Structure formats: structure tokens, C-alpha cells
Amino acid sequence: MRRTDVVIVGGGQAGLAMSRCLSNLRIEHVVLERGQVAERWRSERWDSLRLLTPNWMTRLPGFQYDGPDPDGFMTRDELVAFFEGYARSFPAPLETDTSVEAIDTDVEASDHRFLVTTTRGVWHARNIVLATGYSDRPLVPAMASQLDGGLLQVVPSEYRSPAALPDGPVLVVGASATGIQLADEIQASGRQVVLSTGQHLRVPRRYRGRDIMWWLDRAGILDETKESVYDVETSRHAPSFQLVGRPDHATLDLQRLRRSGVLVVGRLTAIDGHRLRFDDDLVKTTAGADAKLASLLSRLDRVADTTGLDGLVDEPEPFEPLWPGFVEAPTDFDVRTADIHSVVWATGYRRTYPWLKMPLLDSRGELRHHGGVTPCAGVYAIGLSFQRTRKSAFIDGVGADAHVLARYIAARLGQHYDSIHDSAIAV
């Protein structure tokens, strides 16, 4: 049985950022990773994936992208290599191929109060950091069980390329970032795609000559705190932007998909074997996305006008609503008539903590916390959606949260840090 001050569960961007900040404070810790560094990026992403954020935003405490294409978008393999390089850049105490089986309080211990049982032994720890992230398990609606058993059903973590799907048309359910990317790729392979669309957030890849993430960063939107938004729970559960990171910096939205031949329909509401029922809400949801986008672009225009961006950005662009192109869409569908043989469920993610033996989950199974600090003293979390700011779940956001949590942990351990330490872990 081994002892340490902190056990970090997860060796992705959140766990590594946490490890770097604790290392700089000379706090003893270990990082437990079920696979290899950045395992989820390594084994649960499709072959053609690229980051949605530009390379200049790929930065962690003490480490950042320094290649020749800051405005490009890393491929999956490039990102894995980036994380591997980050883990080598400091003495990260990684224990790979180590799955956590249980975390519980140790009532018999005087100082190391948590007992962490893994596939490679047991740890006693004074603090726990849950760094398993926000996109833990694909969320598939219960009605999927009513689908004809002859159809192949896959989730994004299982999908690799169109070639792995059966021949013929494909139904993609979900039109946030993942859904529209997979629909676009599958349609381009020669297969007809039917895309079921619920609420979504439409944004351009570039606006007035600048990447949309440049605008969100410059406008301070990514740094907005949970206290500054109208309803943080609504923000936490909002769909991801309809974005794609391509070398050509193209915008991908429902209009572009429709023009490429994708059949766009409304939200999937019911399944009865081979019969599918779609809501007639496509115009409403598309108009809602139009309105939100118009509001965002107006806000960015105000930022340009009030912060002196003349010469850095182009003139405002005319706004084109998409809803008029979706006035008619089928609401009843027969997968046999359409010859559909596979369904991709791009319907979001959920978090699961089956190994967490402490009462820290709410009625929805979500972790109870305030800025990553849970009600159980000594248990923290990092990498959650809107944990402290809008970008908390981004690669570019976990560093600031790790910096804050490292201070909490240092204080709990009775450790004092000075200005040298502060500068060492500044993000």
C-alpha cells in the first residue's frame, strides 16, 4: 500500500495540468491513467478528427504550441504527441495502464483519509482530484433500444471512418460539433446521410477576417464566470458550437450540409422498429440558432467598435438566416424504404463515477461542486463544463482552474507558497 498527498484520476489535459501545478508547488502526488497519456483522444476519436480550436489556443501551464501554423488545427495524432511532449516536459508521476476501481474514505486513517483501489494496488491519499473530464460516456437515448435490431448502431467513440459502416444511407442523430462533422464526412464518402437536428448553436468559422475563437477570446466571452451568466446550468448543458477545424477554415453549418445532399430533418422523437418519427420543429430550432448567432455577431461588432480593432478586422458582413431553407422536412420515416443500415448517435455525453463511493452526485448523476471544490473536504474536480469559466472544459481553460485548485490543496496541506511559486504556476 502506497501513500501520497494527492491522487489525480485521469491523465488527459486536465490531469496533466493539475500535475504540473502541483509539481511546481512541490506537492507529492500521482496521476492514475487507465490507458496511456491522453487515452480518450488516442482511442476514442475518429481518424480524421481535428481540434475545433486553433493551435494558438493549445496551451497548458508551462507548455504551448510552438509550431509554424498557429492558426491551423491539430489532427488527433498531433494532439496526442503534444500531450506526450507535455508529460515529458516535467517530472509527471504517471501510473499508466492503471484503472481506478474504488475511491472511498478511510475512517481508520488519521491523515491519509482516502483509500484508492486500482488494478495495480491500493493508494492512501490526503486529497483526490477527479480529472476524468466532462465527455466521459456517450449518451444514447433510451428509445434506441426500440430500433430494428438489424441496424448497426454506433456512438462517436466507436466511429473511425465511413469505411467501417455498412454500405448505404446513414442516419446521424445530433447536430452539434460532432454530428455535423460526421454527417459531412459520411456524405462525402458517397453515402446518403439523414441528419436529425435538435437545438444547436450556429457560428461561423471566421468572421470579419478572424477566427471565431479569436473573437470570443478578444471579447472576453471565454473568460466569463458562472456568476456572470443568466443561468449557469443552461450554459453548462448548451450544445457545442457547430464548428469544424479544417485547413481551409471553412464554415460548416446546416445550409452547407443541405447543399451537399444531406437530408436535414427535425428532432427524433420516437422509434418503433423500422419507423422513425421526427418533430416538425426544424424551422423553429434553425430560426432560434439564427437569432442567437445574430446576437453574438452584433456583440462582436460592438467589441470591434469600442476597443479600436480598426485595421485588425474586416468590415461587418451581411447576416444570412438559414431557417427559410428548412420550411419543409419529413416527419415520418421508414428505414427499410430508405435502405438505412446504420445509425450514429451523436447525442452528447454524460458523466459516470461508478468507482466513487462517496455521496457527491446529485439526482442527475452530476458531481456536486463549486468551482471544482466538492462538499467533501479534500476532493476536487477539474475539466468540467463551465467549472469556473466558459472555457473550463477547453484545453486552453484547464490551466487556470488547475492553478486555483493547487492553491486550495496547498492550503489544506498547511503548505505556504510565496511569490516565486506563484510565478512558477501562473497560467
# chains A, B, ... in the order shown; residues from 1 in each chain; ligands from 1
>>> closest_atom_pairs(of="range 59-149 of chain A", to="range 183-207 of chain A", cutoff="12 Å", atoms="only C-alpha atoms", output="Markdown table")
| residue | atom | partner | partner_atom | distance |
| --- | --- | --- | --- | --- |
| A:Asp71 | CA | A:Arg206 | CA | 11.3 |
| A:Gly72 | CA | A:Arg205 | CA | 11.9 |
| A:Phe73 | CA | A:Arg205 | CA | 11.8 |
>>> write_last_selection(atoms="N, CA, C and O atoms", output="short mmCIF file (atom, residue, chain, number, x, y, z; two decimals), in the first residue's frame")
data_model
loop_
_atom_site.label_atom_id
_atom_site.label_comp_id
_atom_site.auth_asym_id
_atom_site.auth_seq_id
_atom_site.Cartn_x
_atom_site.Cartn_y
_atom_site.Cartn_z
N ASP A 71 -2.52 29.26 -36.61
CA ASP A 71 -3.94 29.40 -36.93
C ASP A 71 -4.54 28.10 -37.47
O ASP A 71 -5.73 28.06 -37.80
N GLY A 72 -3.73 27.04 -37.57
CA GLY A 72 -4.24 25.76 -38.04
C GLY A 72 -4.91 24.99 -36.92
O GLY A 72 -5.09 25.47 -35.80
N PHE A 73 -5.26 23.74 -37.22
CA PHE A 73 -6.00 22.90 -36.28
C PHE A 73 -5.32 21.53 -36.20
O PHE A 73 -5.21 20.83 -37.20
#
>>> closest_atom_pairs(of="range 201-310 of chain A", to="range 362-372 of chain A", cutoff="12 Å", atoms="only C-alpha atoms", output="JSON lines")
{"residue": "A:Thr225", "atom": "CA", "partner": "A:Gly371", "partner_atom": "CA", "distance": 9.8}
{"residue": "A:Lys226", "atom": "CA", "partner": "A:Gly371", "partner_atom": "CA", "distance": 8.8}
{"residue": "A:Glu227", "atom": "CA", "partner": "A:Gly371", "partner_atom": "CA", "distance": 10.7}
{"residue": "A:Val232", "atom": "CA", "partner": "A:His370", "partner_atom": "CA", "distance": 11.7}
{"residue": "A:Glu233", "atom": "CA", "partner": "A:Glu366", "partner_atom": "CA", "distance": 11.4}
{"residue": "A:Arg236", "atom": "CA", "partner": "A:Glu366", "partner_atom": "CA", "distance": 11.4}
{"residue": "A:His237", "atom": "CA", "partner": "A:Glu366", "partner_atom": "CA", "distance": 11.5}
>>> write_last_selection(atoms="N, CA and C atoms", output="mmCIF file, in the first residue's frame")
data_model
loop_
_atom_site.group_PDB
_atom_site.id
_atom_site.type_symbol
_atom_site.label_atom_id
_atom_site.label_comp_id
_atom_site.auth_asym_id
_atom_site.auth_seq_id
_atom_site.Cartn_x
_atom_site.Cartn_y
_atom_site.Cartn_z
ATOM 1 N N THR A 225 -17.385 34.170 -16.105
ATOM 2 C CA THR A 225 -17.537 33.253 -14.982
ATOM 3 C C THR A 225 -18.988 32.808 -14.862
ATOM 4 N N LYS A 226 -19.183 31.755 -14.067
ATOM 5 C CA LYS A 226 -20.541 31.243 -13.895
ATOM 6 C C LYS A 226 -21.427 32.247 -13.171
ATOM 7 N N GLU A 227 -20.813 33.159 -12.422
ATOM 8 C CA GLU A 227 -21.603 34.180 -11.739
ATOM 9 C C GLU A 227 -22.097 35.270 -12.682
ATOM 10 N N VAL A 232 -26.295 29.420 -15.170
ATOM 11 C CA VAL A 232 -25.115 28.616 -15.427
ATOM 12 C C VAL A 232 -25.473 27.190 -15.824
ATOM 13 N N GLU A 233 -26.567 26.638 -15.301
ATOM 14 C CA GLU A 233 -26.944 25.272 -15.663
ATOM 15 C C GLU A 233 -27.342 25.191 -17.133
ATOM 16 N N ARG A 236 -24.121 25.301 -19.004
ATOM 17 C CA ARG A 236 -23.368 24.049 -18.891
ATOM 18 C C ARG A 236 -23.901 22.969 -19.821
ATOM 19 N N HIS A 237 -25.198 22.990 -20.059
ATOM 20 C CA HIS A 237 -25.800 21.938 -20.859
ATOM 21 C C HIS A 237 -26.158 22.396 -22.275
#
>>> residues_around(residues="Thr75 in chain A", least_positions_apart="3", cutoff="9 Å", atoms="only C-alpha atoms", output="list in words")
Asp47, Ser48, Leu49, Arg50, Leu51, Glu78, Leu79 and Val80 of chain A
>>> closest_residue(among="A:Val9, A:Ala131, A:Ala175, A:Val37", to="Leu252 in chain A", atoms="only C-alpha atoms")
A:Ala175
>>> select_by_dssp(residues="range 72-284 of chain A", states="alpha helix (DSSP H)", output="ChimeraX atom specification")
/A:76-88,177-188,212-218,232-236,254-259,282-284
>>> select_by_dssp(residues="range 305-340 of chain A", states="strand (DSSP E or B)", output="tab-separated table (two decimals) with N, CA and C atoms, in the first residue's frame")
chain	number	residue	atom	x	y	z
A	310	ASP	N	-9.80	48.64	-35.53
A	310	ASP	CA	-9.62	49.08	-36.92
A	310	ASP	C	-8.27	48.61	-37.44
A	313	VAL	N	-9.49	43.86	-38.26
A	313	VAL	CA	-10.62	43.07	-38.74
A	313	VAL	C	-11.20	43.72	-39.98
A	332	ASP	N	-42.02	11.66	-40.83
A	332	ASP	CA	-42.21	10.21	-40.68
A	332	ASP	C	-41.28	9.51	-41.65
A	333	PHE	N	-40.62	8.46	-41.16
A	333	PHE	CA	-39.55	7.87	-41.95
A	333	PHE	C	-39.55	6.37	-41.75
A	334	ASP	N	-39.32	5.63	-42.81
A	334	ASP	CA	-39.19	4.18	-42.75
A	334	ASP	C	-37.77	3.81	-43.16
>>> closest_residue(among="A:Leu151, A:Val398, A:Ala289, A:Val172", to="Ala381 in chain A", atoms="only C-alpha atoms")
A:Val398
>>> closest_residue(among="A:Val140, A:Met57, A:Ala38, A:Ile128", to="Val154 in chain A", atoms="only C-alpha atoms")
A:Val140
>>> closest_residue(among="A:His274, A:His403, A:Lys292, A:Arg390", to="Cys21 in chain A", atoms="only C-alpha atoms")
A:His403
>>> atom_distance(atom1="CA of Thr98 in chain A", atom2="CA of Gly133 in chain A")
16.9 Å
>>> residues_around(residues="Trp123 in chain A", least_positions_apart="6", cutoff="6 Å", atoms="only C-alpha atoms", output="ChimeraX atom specification")
/A:1-3,115-116
>>> write_last_selection(atoms="N, CA, C and O atoms", output="mmCIF file, in the first residue's frame")
data_model
loop_
_atom_site.group_PDB
_atom_site.id
_atom_site.type_symbol
_atom_site.label_atom_id
_atom_site.label_comp_id
_atom_site.auth_asym_id
_atom_site.auth_seq_id
_atom_site.Cartn_x
_atom_site.Cartn_y
_atom_site.Cartn_z
ATOM 1 N N MET A 1 0.847 -1.200 0.000
ATOM 2 C CA MET A 1 0.000 0.000 0.000
ATOM 3 C C MET A 1 0.880 1.247 0.000
ATOM 4 O O MET A 1 1.799 1.357 0.788
ATOM 5 N N ARG A 2 0.594 2.161 -0.927
ATOM 6 C CA ARG A 2 1.410 3.362 -1.070
ATOM 7 C C ARG A 2 0.639 4.592 -0.595
ATOM 8 O O ARG A 2 -0.583 4.622 -0.628
ATOM 9 N N ARG A 3 1.384 5.615 -0.186
ATOM 10 C CA ARG A 3 0.788 6.840 0.340
ATOM 11 C C ARG A 3 1.272 8.048 -0.455
ATOM 12 O O ARG A 3 2.420 8.083 -0.905
ATOM 13 N N LEU A 115 -8.985 6.160 0.449
ATOM 14 C CA LEU A 115 -8.468 4.872 0.019
ATOM 15 C C LEU A 115 -8.796 4.705 -1.461
ATOM 16 O O LEU A 115 -9.974 4.714 -1.847
ATOM 17 N N VAL A 116 -7.771 4.576 -2.309
ATOM 18 C CA VAL A 116 -7.952 4.470 -3.756
ATOM 19 C C VAL A 116 -7.517 3.073 -4.195
ATOM 20 O O VAL A 116 -6.337 2.741 -4.158
#
>>> closest_residue(among="A:Leu152, A:Leu16, A:Ala402, A:Val100", to="Glu84 in chain A", atoms="only C-alpha atoms")
A:Leu16
>>> residues_around(residues="Val170 in chain A", least_positions_apart="3", cutoff="6 Å", atoms="only C-alpha atoms", output="list in words")
Val193, Ile340, Ser342 and Val343 of chain A
>>> residues_around(residues="Ser385 in chain A", least_positions_apart="3", cutoff="7 Å", atoms="only C-alpha atoms", output="list in words")
Tyr134, Arg236, Ser392 and Ala393 of chain A
>>> residues_around(residues="Val7 in chain A", least_positions_apart="2", cutoff="7 Å", atoms="only C-alpha atoms", output="list in words")
Val9, His29, Val30, Val31, Ala125, Asn127, Ile128 and Val129 of chain A
>>> write_last_selection(atoms="N, CA and C atoms", output="PDB file, in the first residue's frame")
ATOM      1  N   VAL A   9      -7.003  11.416 -10.758  1.00  0.00           N
ATOM      2  CA  VAL A   9      -7.591  10.355 -11.573  1.00  0.00           C
ATOM      3  C   VAL A   9      -7.786  10.879 -12.990  1.00  0.00           C
ATOM      4  N   HIS A  29       2.369  13.780  -5.363  1.00  0.00           N
ATOM      5  CA  HIS A  29       1.127  13.312  -5.966  1.00  0.00           C
ATOM      6  C   HIS A  29       1.407  12.207  -6.965  1.00  0.00           C
ATOM      7  N   VAL A  30       0.340  11.589  -7.454  1.00  0.00           N
ATOM      8  CA  VAL A  30       0.441  10.582  -8.504  1.00  0.00           C
ATOM      9  C   VAL A  30      -0.724  10.790  -9.461  1.00  0.00           C
ATOM     10  N   VAL A  31      -0.503  10.516 -10.759  1.00  0.00           N
ATOM     11  CA  VAL A  31      -1.546  10.598 -11.772  1.00  0.00           C
ATOM     12  C   VAL A  31      -1.877   9.180 -12.223  1.00  0.00           C
ATOM     13  N   ALA A 125      -4.412   8.424   0.228  1.00  0.00           N
ATOM     14  CA  ALA A 125      -4.172   9.804  -0.200  1.00  0.00           C
ATOM     15  C   ALA A 125      -4.868  10.782   0.727  1.00  0.00           C
ATOM     16  N   ASN A 127      -5.693  13.852  -0.471  1.00  0.00           N
ATOM     17  CA  ASN A 127      -6.563  14.619  -1.367  1.00  0.00           C
ATOM     18  C   ASN A 127      -6.783  13.822  -2.651  1.00  0.00           C
ATOM     19  N   ILE A 128      -7.914  14.080  -3.291  1.00  0.00           N
ATOM     20  CA  ILE A 128      -8.275  13.448  -4.558  1.00  0.00           C
ATOM     21  C   ILE A 128      -8.634  14.538  -5.560  1.00  0.00           C
ATOM     22  N   VAL A 129      -8.150  14.408  -6.791  1.00  0.00           N
ATOM     23  CA  VAL A 129      -8.589  15.289  -7.877  1.00  0.00           C
ATOM     24  C   VAL A 129      -9.179  14.416  -8.986  1.00  0.00           C
TER      25      VAL A 129
END
>>> atom_distance(atom1="CA of Gly11 in chain A", atom2="CA of Ala87 in chain A")
9.1 Å
>>> closest_residue(among="A:Arg88, A:Trp46, A:Ile271, A:Thr347", to="Ala163 in chain A", atoms="only C-alpha atoms")
A:Trp46
